[in-house]
file data08.cif (mmCIF, C-alpha atoms)
data_input
#
loop_
_atom_site.label_atom_id
_atom_site.label_comp_id
_atom_site.auth_asym_id
_atom_site.auth_seq_id
_atom_site.Cartn_x
_atom_site.Cartn_y
_atom_site.Cartn_z
CA THR D 1 29.57 -55.19 86.72
CA GLU D 2 28.89 -51.92 88.55
CA THR D 3 31.62 -52.75 91.08
CA ARG D 4 34.07 -53.54 88.28
CA LEU D 5 33.32 -50.23 86.56
CA LEU D 6 33.80 -48.38 89.86
CA LEU D 7 37.17 -49.98 90.56
CA GLU D 8 38.33 -49.49 86.98
CA GLY D 9 37.38 -45.82 87.18
CA LEU D 10 39.26 -45.34 90.46
CA LEU D 11 42.31 -47.18 89.14
CA ALA D 12 42.42 -45.13 85.94
CA ALA D 13 42.01 -41.84 87.80
CA LEU D 14 44.26 -42.43 90.81
CA GLY D 15 46.78 -45.11 89.80
CA PRO D 16 47.68 -48.46 91.41
CA SER D 17 49.45 -46.94 94.43
CA ALA D 18 46.19 -45.33 95.58
CA LEU D 19 43.82 -48.28 95.14
CA LEU D 20 43.98 -51.48 97.21
CA CYS D 21 41.58 -54.39 96.77
CA GLY D 22 41.15 -57.93 98.09
CA ALA D 23 44.20 -59.40 99.81
CA ASP D 24 46.16 -56.19 99.18
CA MET D 25 44.02 -54.28 101.71
CA PRO D 26 45.90 -53.94 105.05
CA ALA D 27 44.20 -55.37 108.13
CA ARG D 28 44.35 -51.93 109.78
CA ASN D 29 41.70 -50.70 107.34
CA HIS D 30 39.26 -53.43 108.44
CA ASN D 31 38.51 -52.08 111.89
CA ASP D 32 39.00 -49.34 114.46
CA TYR D 33 39.41 -49.72 118.23
CA SER D 34 35.71 -50.36 118.82
CA GLY D 35 36.24 -54.07 119.46
CA LEU D 36 33.65 -54.95 116.81
CA GLN D 37 34.29 -57.69 114.27
CA PRO D 38 36.66 -56.67 111.44
CA SER D 39 34.89 -55.59 108.26
CA PRO D 40 36.92 -55.68 105.03
CA PRO D 41 35.70 -52.87 102.73
CA LEU D 42 35.01 -53.11 99.02
CA ALA D 43 38.31 -51.30 98.42
CA VAL D 44 40.75 -48.96 100.16
CA VAL D 45 41.54 -45.70 98.39
CA ARG D 46 44.60 -43.74 99.56
CA PRO D 47 44.77 -40.39 97.73
CA ALA D 48 47.85 -38.23 98.19
CA ASP D 49 46.17 -34.82 97.94
CA ALA D 50 42.84 -33.02 98.03
CA ALA D 51 42.42 -33.48 94.29
CA GLY D 52 42.66 -37.25 94.79
CA VAL D 53 40.06 -37.10 97.55
CA ALA D 54 37.79 -35.09 95.25
CA THR D 55 38.25 -37.59 92.43
CA THR D 56 37.47 -40.51 94.74
CA LEU D 57 34.29 -38.93 96.06
CA ARG D 58 33.14 -37.83 92.62
CA ILE D 59 33.54 -41.32 91.12
CA CYS D 60 31.96 -43.11 94.09
CA HIS D 61 29.12 -40.58 94.10
CA ALA D 62 28.47 -41.23 90.42
CA HIS D 63 28.22 -44.98 91.09
CA GLY D 64 26.12 -44.59 94.23
CA VAL D 65 28.72 -46.28 96.44
CA PRO D 66 29.06 -45.07 100.06
CA VAL D 67 32.46 -43.83 101.24
CA VAL D 68 33.78 -44.12 104.81
CA PRO D 69 36.66 -41.76 105.74
CA GLN D 70 39.49 -43.33 107.74
CA GLY D 71 42.20 -41.54 109.71
CA GLY D 72 44.25 -43.00 112.55
CA MET D 73 41.60 -45.69 113.23
CA THR D 74 41.68 -44.91 116.97
CA GLY D 75 37.92 -44.36 117.37
CA LEU D 76 35.96 -46.49 119.82
CA CYS D 77 32.53 -46.34 118.16
CA GLY D 78 32.97 -48.21 114.88
CA GLY D 79 32.66 -45.02 112.84
CA ALA D 80 35.67 -45.85 110.64
CA ARG D 81 34.53 -49.40 109.79
CA ALA D 82 33.50 -49.71 106.16
CA ALA D 83 31.02 -52.41 105.13
CA PRO D 84 31.82 -54.88 102.32
CA ASP D 85 29.87 -52.77 99.83
CA GLN D 86 31.54 -49.50 100.87
CA VAL D 87 34.82 -47.83 99.91
CA ALA D 88 37.25 -46.92 102.69
CA LEU D 89 38.86 -43.52 102.05
CA SER D 90 42.14 -43.55 103.97
CA LEU D 91 43.98 -40.28 104.55
CA GLU D 92 47.22 -42.03 105.56
CA ARG D 93 49.12 -40.50 102.60
CA LEU D 94 47.67 -37.01 103.16
CA VAL D 95 50.38 -36.21 105.69
CA GLY D 96 52.58 -33.22 106.29
CA ILE D 97 52.99 -29.75 107.78
CA GLU D 98 52.72 -27.25 104.95
CA GLU D 99 53.50 -24.08 106.88
CA LEU D 100 54.27 -22.81 110.35
CA ASP D 101 53.70 -19.06 110.38
CA ALA D 102 55.48 -17.71 113.45
CA ALA D 103 54.16 -14.18 112.95
CA ALA D 104 50.54 -15.33 112.78
CA ALA D 105 51.09 -18.17 115.28
CA THR D 106 49.38 -20.65 112.95
CA MET D 107 50.18 -24.02 111.43
CA THR D 108 48.72 -25.36 108.18
CA VAL D 109 48.66 -29.15 108.05
CA LEU D 110 47.24 -31.96 105.95
CA ALA D 111 44.39 -33.91 107.52
CA GLY D 112 46.18 -37.26 107.84
CA THR D 113 49.00 -35.82 109.95
CA PRO D 114 49.26 -37.46 113.40
CA LEU D 115 48.46 -35.17 116.32
CA GLU D 116 51.81 -35.88 118.01
CA THR D 117 53.69 -34.78 114.87
CA ILE D 118 51.87 -31.45 115.06
CA GLN D 119 52.61 -31.09 118.77
CA GLN D 120 56.31 -31.75 118.21
CA ALA D 121 56.55 -29.34 115.28
CA ALA D 122 54.90 -26.61 117.33
CA ALA D 123 57.25 -27.22 120.26
CA SER D 124 60.32 -27.15 117.98
CA ALA D 125 59.28 -23.68 116.81
CA GLY D 126 58.67 -22.43 120.36
CA PHE D 127 54.89 -22.78 120.24
CA PHE D 128 52.30 -24.98 121.93
CA CYS D 129 49.52 -27.05 120.36
CA PRO D 130 47.11 -27.64 123.28
CA LEU D 131 44.95 -30.35 121.72
CA ASP D 132 46.00 -33.58 123.40
CA LEU D 133 44.56 -37.05 123.94
CA GLY D 134 45.85 -40.52 124.71
CA ALA D 135 45.92 -41.61 121.05
CA ARG D 136 48.15 -38.66 120.08
CA GLY D 137 50.75 -40.87 118.37
CA SER D 138 48.21 -42.55 116.10
CA CYS D 139 45.17 -40.30 115.70
CA ALA D 140 45.05 -37.94 112.72
CA ILE D 141 44.17 -34.26 112.97
CA GLY D 142 41.38 -34.66 110.41
CA GLY D 143 39.68 -37.21 112.62
CA ASN D 144 40.25 -35.00 115.67
CA LEU D 145 38.30 -32.24 113.94
CA ALA D 146 35.67 -34.51 112.40
CA THR D 147 34.84 -35.71 115.92
CA ASN D 148 35.46 -32.31 117.58
CA ALA D 149 37.81 -33.98 120.04
CA GLY D 150 37.98 -32.63 123.56
CA GLY D 151 41.13 -34.06 125.05
CA ASN D 152 42.90 -33.15 128.25
CA ARG D 153 42.91 -29.34 128.24
CA VAL D 154 39.33 -28.34 127.45
CA ILE D 155 38.98 -26.15 130.55
CA ARG D 156 41.60 -23.70 129.31
CA TYR D 157 41.68 -24.12 125.52
CA GLY D 158 38.24 -25.46 124.62
CA MET D 159 37.20 -28.22 122.24
CA ALA D 160 39.01 -28.90 118.96
CA ARG D 161 36.81 -26.44 117.06
CA GLU D 162 38.16 -23.59 119.20
CA LEU D 163 41.66 -24.25 117.86
CA VAL D 164 40.79 -24.09 114.15
CA LEU D 165 41.07 -20.94 112.06
CA GLY D 166 40.72 -22.34 108.55
CA ILE D 167 39.72 -25.53 106.80
CA GLU D 168 39.62 -27.25 103.43
CA VAL D 169 36.88 -29.83 102.82
CA VAL D 170 35.81 -32.03 99.90
CA LEU D 171 32.04 -32.41 99.55
CA PRO D 172 30.42 -35.76 98.60
CA ASP D 173 30.12 -34.77 94.93
CA GLY D 174 33.83 -33.93 94.72
CA THR D 175 33.55 -30.16 95.15
CA VAL D 176 36.51 -28.71 97.06
CA VAL D 177 35.62 -25.97 99.55
CA THR D 178 38.71 -24.03 100.60
CA SER D 179 38.67 -21.50 103.43
CA LEU D 180 42.19 -21.53 104.86
CA ASN D 181 41.79 -18.40 106.95
CA LYS D 182 44.76 -17.52 109.21
CA MET D 183 43.31 -14.49 111.02
CA ILE D 184 41.99 -14.67 114.58
CA LYS D 185 39.95 -11.49 114.15
CA ASN D 186 37.74 -12.39 111.20
CA ASN D 187 34.03 -11.63 110.86
CA ALA D 188 33.83 -11.98 107.07
CA GLY D 189 30.49 -13.69 106.59
CA PHE D 190 29.55 -17.30 107.23
CA ASP D 191 32.08 -19.40 109.14
CA LEU D 192 31.47 -22.66 107.29
CA LYS D 193 34.24 -24.60 109.03
CA HIS D 194 32.01 -25.20 112.07
CA LEU D 195 29.53 -27.02 109.85
CA PHE D 196 32.13 -29.74 109.17
CA ILE D 197 33.93 -29.86 112.52
CA GLY D 198 32.13 -32.50 114.56
CA SER D 199 30.14 -33.81 111.58
CA GLU D 200 31.95 -37.20 111.62
CA GLY D 201 32.60 -37.03 107.88
CA THR D 202 28.91 -37.06 106.99
CA LEU D 203 28.96 -33.70 105.21
CA GLY D 204 32.44 -33.78 103.70
CA VAL D 205 36.01 -34.98 104.13
CA ILE D 206 38.46 -32.58 105.79
CA THR D 207 41.72 -32.43 103.81
CA ARG D 208 43.60 -29.44 105.22
CA VAL D 209 43.39 -27.26 108.31
CA VAL D 210 44.86 -24.09 109.79
CA LEU D 211 45.46 -24.46 113.54
CA LYS D 212 45.87 -21.71 116.09
CA LEU D 213 49.09 -22.01 118.11
CA PHE D 214 49.84 -20.71 121.60
CA ALA D 215 52.88 -19.68 123.57
CA GLN D 216 54.62 -22.54 125.34
CA PRO D 217 53.86 -22.59 129.09
CA ALA D 218 56.92 -21.57 131.09
CA SER D 219 56.15 -24.35 133.58
CA THR D 220 53.57 -27.01 134.29
CA MET D 221 52.45 -28.46 137.61
CA VAL D 222 50.29 -31.46 138.47
CA ALA D 223 48.54 -32.06 141.79
CA VAL D 224 46.83 -35.31 142.81
CA CYS D 225 44.19 -34.74 145.47
CA ALA D 226 42.26 -37.38 147.42
CA LEU D 227 38.68 -36.32 148.15
CA ARG D 228 35.83 -37.96 150.05
CA SER D 229 32.81 -37.02 147.96
CA TYR D 230 31.64 -35.61 144.64
CA ALA D 231 30.63 -32.44 146.47
CA ASP D 232 34.28 -32.07 147.47
CA VAL D 233 35.29 -32.54 143.82
CA LEU D 234 33.06 -29.65 142.75
CA ALA D 235 34.34 -27.48 145.60
CA LEU D 236 37.94 -28.16 144.56
CA LEU D 237 37.17 -27.35 140.93
CA SER D 238 35.51 -24.09 141.93
CA SER D 239 38.45 -23.14 144.12
CA ALA D 240 40.98 -24.02 141.41
CA ARG D 241 39.12 -21.94 138.83
CA GLN D 242 38.93 -18.98 141.18
CA ASN D 243 42.51 -19.07 142.45
CA LEU D 244 44.41 -20.37 139.41
CA GLY D 245 42.42 -18.60 136.69
CA PRO D 246 43.91 -19.20 133.22
CA LEU D 247 46.70 -21.31 134.72
CA LEU D 248 44.23 -24.17 135.15
CA SER D 249 44.29 -26.23 131.95
CA ALA D 250 42.98 -29.65 133.01
CA PHE D 251 40.86 -31.15 135.76
CA GLU D 252 40.41 -34.93 135.71
CA VAL D 253 38.43 -37.05 138.18
CA MET D 254 39.35 -40.67 138.87
CA TRP D 255 36.79 -42.79 140.72
CA PRO D 256 38.06 -45.33 143.32
CA ASP D 257 37.52 -48.38 141.08
CA TYR D 258 39.53 -46.76 138.27
CA TRP D 259 42.29 -45.71 140.67
CA ARG D 260 42.58 -49.24 142.04
CA PHE D 261 42.64 -50.71 138.54
CA ALA D 262 45.29 -48.25 137.31
CA MET D 263 47.50 -48.61 140.38
CA ARG D 264 47.38 -52.41 140.80
CA PRO D 265 50.80 -54.09 140.47
CA ALA D 266 51.64 -55.35 137.02
CA PRO D 267 54.66 -57.72 136.90
CA ALA D 268 55.98 -56.42 133.58
CA ILE D 269 55.63 -52.73 134.39
CA ARG D 270 57.67 -50.62 136.80
#

call {"tool": "encode", "arguments": {"input": "data08.cif", "output": "structure tokens"}}
result
Amino acid sequence: TETRLLLEGLLAALGPSALLCGADMPARNHNDYSGLQPSPPLAVVRPADAAGVATTLRICHAHGVPVVPQGGMTGLCGGARAAPDQVALSLERLVGIEELDAAAATMTVLAGTPLETIQQAAASAGFFCPLDLGARGSCAIGGNLATNAGGNRVIRYGMARELVLGIEVVLPDGTVVTSLNKMIKNNAGFDLKHLFIGSEGTLGVITRVVLKLFAQPASTMVAVCALRSYADVLALLSSARQNLGPLLSAFEVMWPDYWRFAMRPAPAIR
């Protein structure tokens, strides 16, 4: 009875396009990339805006039903898997770039927007979004921030939290906290965004974010170096930092077993 009341409340508040149950729930919402067994949730809710997220959390909170946020489902730890008695809150409809402010070098985006879409929009406007990881085509920016993603260019640009100027979050009781700051130089009180970045959705659901953009690099260069020991790796890193300075954006180490695995011939791949 409690489950029926919950689903009826969500349906009445959000409409049929935002609530999926039973066989209507897509398989993609049953699991992430953790390799664990699929886990169909109690229901999948797909709000189209922050108000819909707030309504979902408020209703679920009132019924005492846990909510699991879902983004691009590219995580490897099972964090996006909702149990059968939990509601999956998918941000797949919360997609779009609301503003690209060339003067402020910022971009305001909705949390379900894929990282690659943001990268391409920045490049089209002559800017550079440095956050980058292998799942760029599938992962959502909200999940990138909720996990404080590192990615490939941490040495130069820092973790995901270093690229965020403003944020909008919905708290578990449905309260919307909006702080969409666009200024780099801002010391106006508490910087609450860092409380939610890296919190894995435990404190609130990120719905909107203001990202800091950078000038596009005039050129990029990649060097592959073969070294004999880990001491040599550290020496090379130290030398690169000293001689390249801010030009150094990434430094990746591949152990011999990984190199052999990655370079082994594959019949279907050139």

call {"tool": "closest_residue", "arguments": {"input": "data08.cif", "among": "D:Leu248, D:Ala122, D:Val109, D:Ala235", "to": "Asp49 of chain D", "atoms": "all atoms listed in the file"}}
result
D:Val109

call {"tool": "axis_aligned_box", "arguments": {"input": "data08.cif", "around": "segment 52-65 of chain D", "padding_each_side": "4 Å", "output": "JSON"}}
result
{"center_x": 34.4, "center_y": -40.7, "center_z": 94.0, "size_x": 24.5, "size_y": 19.2, "size_z": 15.1}

call {"tool": "resolve_selection", "arguments": {"input": "data08.cif", "expression": "the PyMOL selection byres ((chain D and resi 1-17) around 9)", "output": "mmCIF file with C-alpha atoms, in the frame of the given file"}}
result
data_model
loop_
_atom_site.group_PDB
_atom_site.id
_atom_site.type_symbol
_atom_site.label_atom_id
_atom_site.label_comp_id
_atom_site.auth_asym_id
_atom_site.auth_seq_id
_atom_site.Cartn_x
_atom_site.Cartn_y
_atom_site.Cartn_z
ATOM 1 C CA ALA D 18 46.190 -45.330 95.580
ATOM 2 C CA LEU D 19 43.820 -48.280 95.140
ATOM 3 C CA LEU D 20 43.980 -51.480 97.210
ATOM 4 C CA CYS D 21 41.580 -54.390 96.770
ATOM 5 C CA LEU D 42 35.010 -53.110 99.020
ATOM 6 C CA ALA D 43 38.310 -51.300 98.420
ATOM 7 C CA VAL D 45 41.540 -45.700 98.390
ATOM 8 C CA ARG D 46 44.600 -43.740 99.560
ATOM 9 C CA PRO D 47 44.770 -40.390 97.730
ATOM 10 C CA GLY D 52 42.660 -37.250 94.790
ATOM 11 C CA THR D 55 38.250 -37.590 92.430
ATOM 12 C CA THR D 56 37.470 -40.510 94.740
ATOM 13 C CA ILE D 59 33.540 -41.320 91.120
ATOM 14 C CA CYS D 60 31.960 -43.110 94.090
ATOM 15 C CA ALA D 62 28.470 -41.230 90.420
ATOM 16 C CA HIS D 63 28.220 -44.980 91.090
ATOM 17 C CA VAL D 65 28.720 -46.280 96.440
ATOM 18 C CA ASP D 85 29.870 -52.770 99.830
#

call {"tool": "closest_residue", "arguments": {"input": "data08.cif", "among": "D:Leu133, D:Ile141, D:Ala105, D:Val169", "to": "Gly201 of chain D", "atoms": "all atoms listed in the file"}}
result
D:Val169

call {"tool": "resolve_selection", "arguments": {"input": "data08.cif", "expression": "the PyMOL selection byres ((chain D and resi 98) around 7)", "output": "JSON, numbers by chain"}}
result
{"D": [96, 97, 99, 108, 109]}

call {"tool": "resolve_selection", "arguments": {"input": "data08.cif", "expression": "the PyMOL selection byres ((chain D and resi 148-157) around 6)", "output": "list in words"}}
result
Asp132, Leu133, Asn144, Leu145, Ala146, Thr147, Gly158, Met159, Ala160, Ile197, Gly198, Ser249 and Ala250 of chain D

call {"tool": "closest_residue", "arguments": {"input": "data08.cif", "among": "D:Pro217, D:Pro41, D:Gly174, D:Gly142", "to": "His61 of chain D", "atoms": "only C-alpha atoms"}}
result
D:Gly174

call {"tool": "atom_distance", "arguments": {"input": "data08.cif", "atom1": "atom CA of Pro66 of chain D", "atom2": "atom CA of Thr207 of chain D"}}
result
18.3 Å

call {"tool": "atom_distance", "arguments": {"input": "data08.cif", "atom1": "atom CA of Ala82 of chain D", "atom2": "atom CA of Ala50 of chain D"}}
result
20.8 Å

call {"tool": "residues_around", "arguments": {"input": "data08.cif", "residues": "Pro38 of chain D", "least_positions_apart": "4", "cutoff": "12 Å", "atoms": "all atoms listed in the file", "output": "list of chain:residue names"}}
result
D:Pro26, D:Ala27, D:Arg28, D:Asn29, D:His30, D:Asn31, D:Asp32, D:Tyr33, D:Ser34, D:Gly78, D:Ala80, D:Arg81, D:Ala82, D:Ala83, D:Pro84

call {"tool": "atom_distance", "arguments": {"input": "data08.cif", "atom1": "atom CA of Val87 of chain D", "atom2": "atom CA of Val67 of chain D"}}
result
4.8 Å

call {"tool": "residues_around", "arguments": {"input": "data08.cif", "residues": "Cys129 of chain D", "least_positions_apart": "4", "cutoff": "10 Å", "atoms": "all atoms listed in the file", "output": "list of chain:residue names"}}
result
D:Thr106, D:Met107, D:Leu115, D:Glu116, D:Ile118, D:Gln119, D:Gln120, D:Ala121, D:Ala122, D:Ala123, D:Tyr157, D:Leu163, D:Leu211, D:Lys212, D:Leu213, D:Phe214, D:Ala215, D:Gln216

call {"tool": "closest_residue", "arguments": {"input": "data08.cif", "among": "D:Val205, D:Met254, D:Glu200, D:Arg136", "to": "Val224 of chain D", "atoms": "all atoms listed in the file"}}
result
D:Met254

call {"tool": "build_atoms", "arguments": {"input": "data08.cif", "residues": "segment 237-248 of chain D", "atoms": "all heavy atoms", "output": "short mmCIF file (atom, residue, chain, number, x, y, z; two decimals), in the coordinates of the input"}}
result
data_model
loop_
_atom_site.label_atom_id
_atom_site.label_comp_id
_atom_site.auth_asym_id
_atom_site.auth_seq_id
_atom_site.Cartn_x
_atom_site.Cartn_y
_atom_site.Cartn_z
N LEU D 237 37.17 -27.93 142.27
CA LEU D 237 37.17 -27.35 140.93
C LEU D 237 36.86 -25.85 141.00
O LEU D 237 37.52 -25.03 140.35
CB LEU D 237 36.16 -28.06 140.03
CG LEU D 237 35.96 -27.47 138.64
CD1 LEU D 237 37.26 -27.44 137.86
CD2 LEU D 237 34.89 -28.25 137.88
N SER D 238 35.87 -25.50 141.80
CA SER D 238 35.51 -24.09 141.93
C SER D 238 36.66 -23.28 142.50
O SER D 238 36.97 -22.18 142.02
CB SER D 238 34.27 -23.97 142.83
OG SER D 238 33.94 -22.62 143.05
N SER D 239 37.32 -23.84 143.50
CA SER D 239 38.45 -23.14 144.12
C SER D 239 39.61 -22.99 143.13
O SER D 239 40.24 -21.94 143.06
CB SER D 239 38.91 -23.90 145.36
OG SER D 239 40.06 -23.31 145.92
N ALA D 240 39.87 -24.07 142.37
CA ALA D 240 40.98 -24.02 141.41
C ALA D 240 40.70 -22.98 140.33
O ALA D 240 41.60 -22.23 139.94
CB ALA D 240 41.19 -25.40 140.79
N ARG D 241 39.47 -22.93 139.86
CA ARG D 241 39.12 -21.94 138.83
C ARG D 241 39.28 -20.52 139.37
O ARG D 241 39.76 -19.62 138.66
CB ARG D 241 37.68 -22.16 138.38
CG ARG D 241 37.54 -23.26 137.34
CD ARG D 241 36.09 -23.49 136.98
NE ARG D 241 35.95 -24.15 135.68
CZ ARG D 241 34.86 -24.79 135.30
NH1 ARG D 241 33.80 -24.83 136.09
NH2 ARG D 241 34.81 -25.37 134.12
N GLN D 242 38.89 -20.32 140.61
CA GLN D 242 38.93 -18.98 141.18
C GLN D 242 40.36 -18.53 141.47
O GLN D 242 40.73 -17.38 141.23
CB GLN D 242 38.10 -18.93 142.46
CG GLN D 242 38.05 -17.56 143.11
CD GLN D 242 37.12 -17.52 144.31
OE1 GLN D 242 36.44 -18.50 144.59
NE2 GLN D 242 37.09 -16.41 145.01
N ASN D 243 41.18 -19.44 141.99
CA ASN D 243 42.51 -19.07 142.45
C ASN D 243 43.61 -19.24 141.40
O ASN D 243 44.63 -18.55 141.47
CB ASN D 243 42.86 -19.88 143.70
CG ASN D 243 41.99 -19.53 144.89
OD1 ASN D 243 42.08 -18.43 145.43
ND2 ASN D 243 41.13 -20.45 145.29
N LEU D 244 43.40 -20.15 140.44
CA LEU D 244 44.41 -20.37 139.41
C LEU D 244 44.09 -19.62 138.11
O LEU D 244 44.98 -19.34 137.33
CB LEU D 244 44.56 -21.86 139.12
CG LEU D 244 45.09 -22.71 140.27
CD1 LEU D 244 45.10 -24.18 139.87
CD2 LEU D 244 46.49 -22.26 140.67
N GLY D 245 42.81 -19.34 137.90
CA GLY D 245 42.42 -18.60 136.69
C GLY D 245 42.86 -19.32 135.43
O GLY D 245 42.66 -20.52 135.27
N PRO D 246 43.50 -18.59 134.50
CA PRO D 246 43.91 -19.20 133.22
C PRO D 246 45.03 -20.21 133.36
O PRO D 246 45.35 -20.90 132.40
CB PRO D 246 44.36 -17.98 132.38
CG PRO D 246 44.74 -16.95 133.39
CD PRO D 246 43.81 -17.15 134.55
N LEU D 247 45.65 -20.31 134.54
CA LEU D 247 46.70 -21.31 134.72
C LEU D 247 46.13 -22.72 134.76
O LEU D 247 46.84 -23.69 134.50
CB LEU D 247 47.47 -21.05 136.03
CG LEU D 247 48.30 -19.77 136.07
CD1 LEU D 247 48.95 -19.62 137.45
CD2 LEU D 247 49.37 -19.78 134.99
N LEU D 248 44.85 -22.85 135.08
CA LEU D 248 44.23 -24.17 135.15
C LEU D 248 43.91 -24.64 133.74
O LEU D 248 43.09 -24.05 133.05
CB LEU D 248 42.95 -24.11 135.99
CG LEU D 248 42.20 -25.44 136.14
CD1 LEU D 248 43.03 -26.45 136.91
CD2 LEU D 248 40.85 -25.22 136.80
#
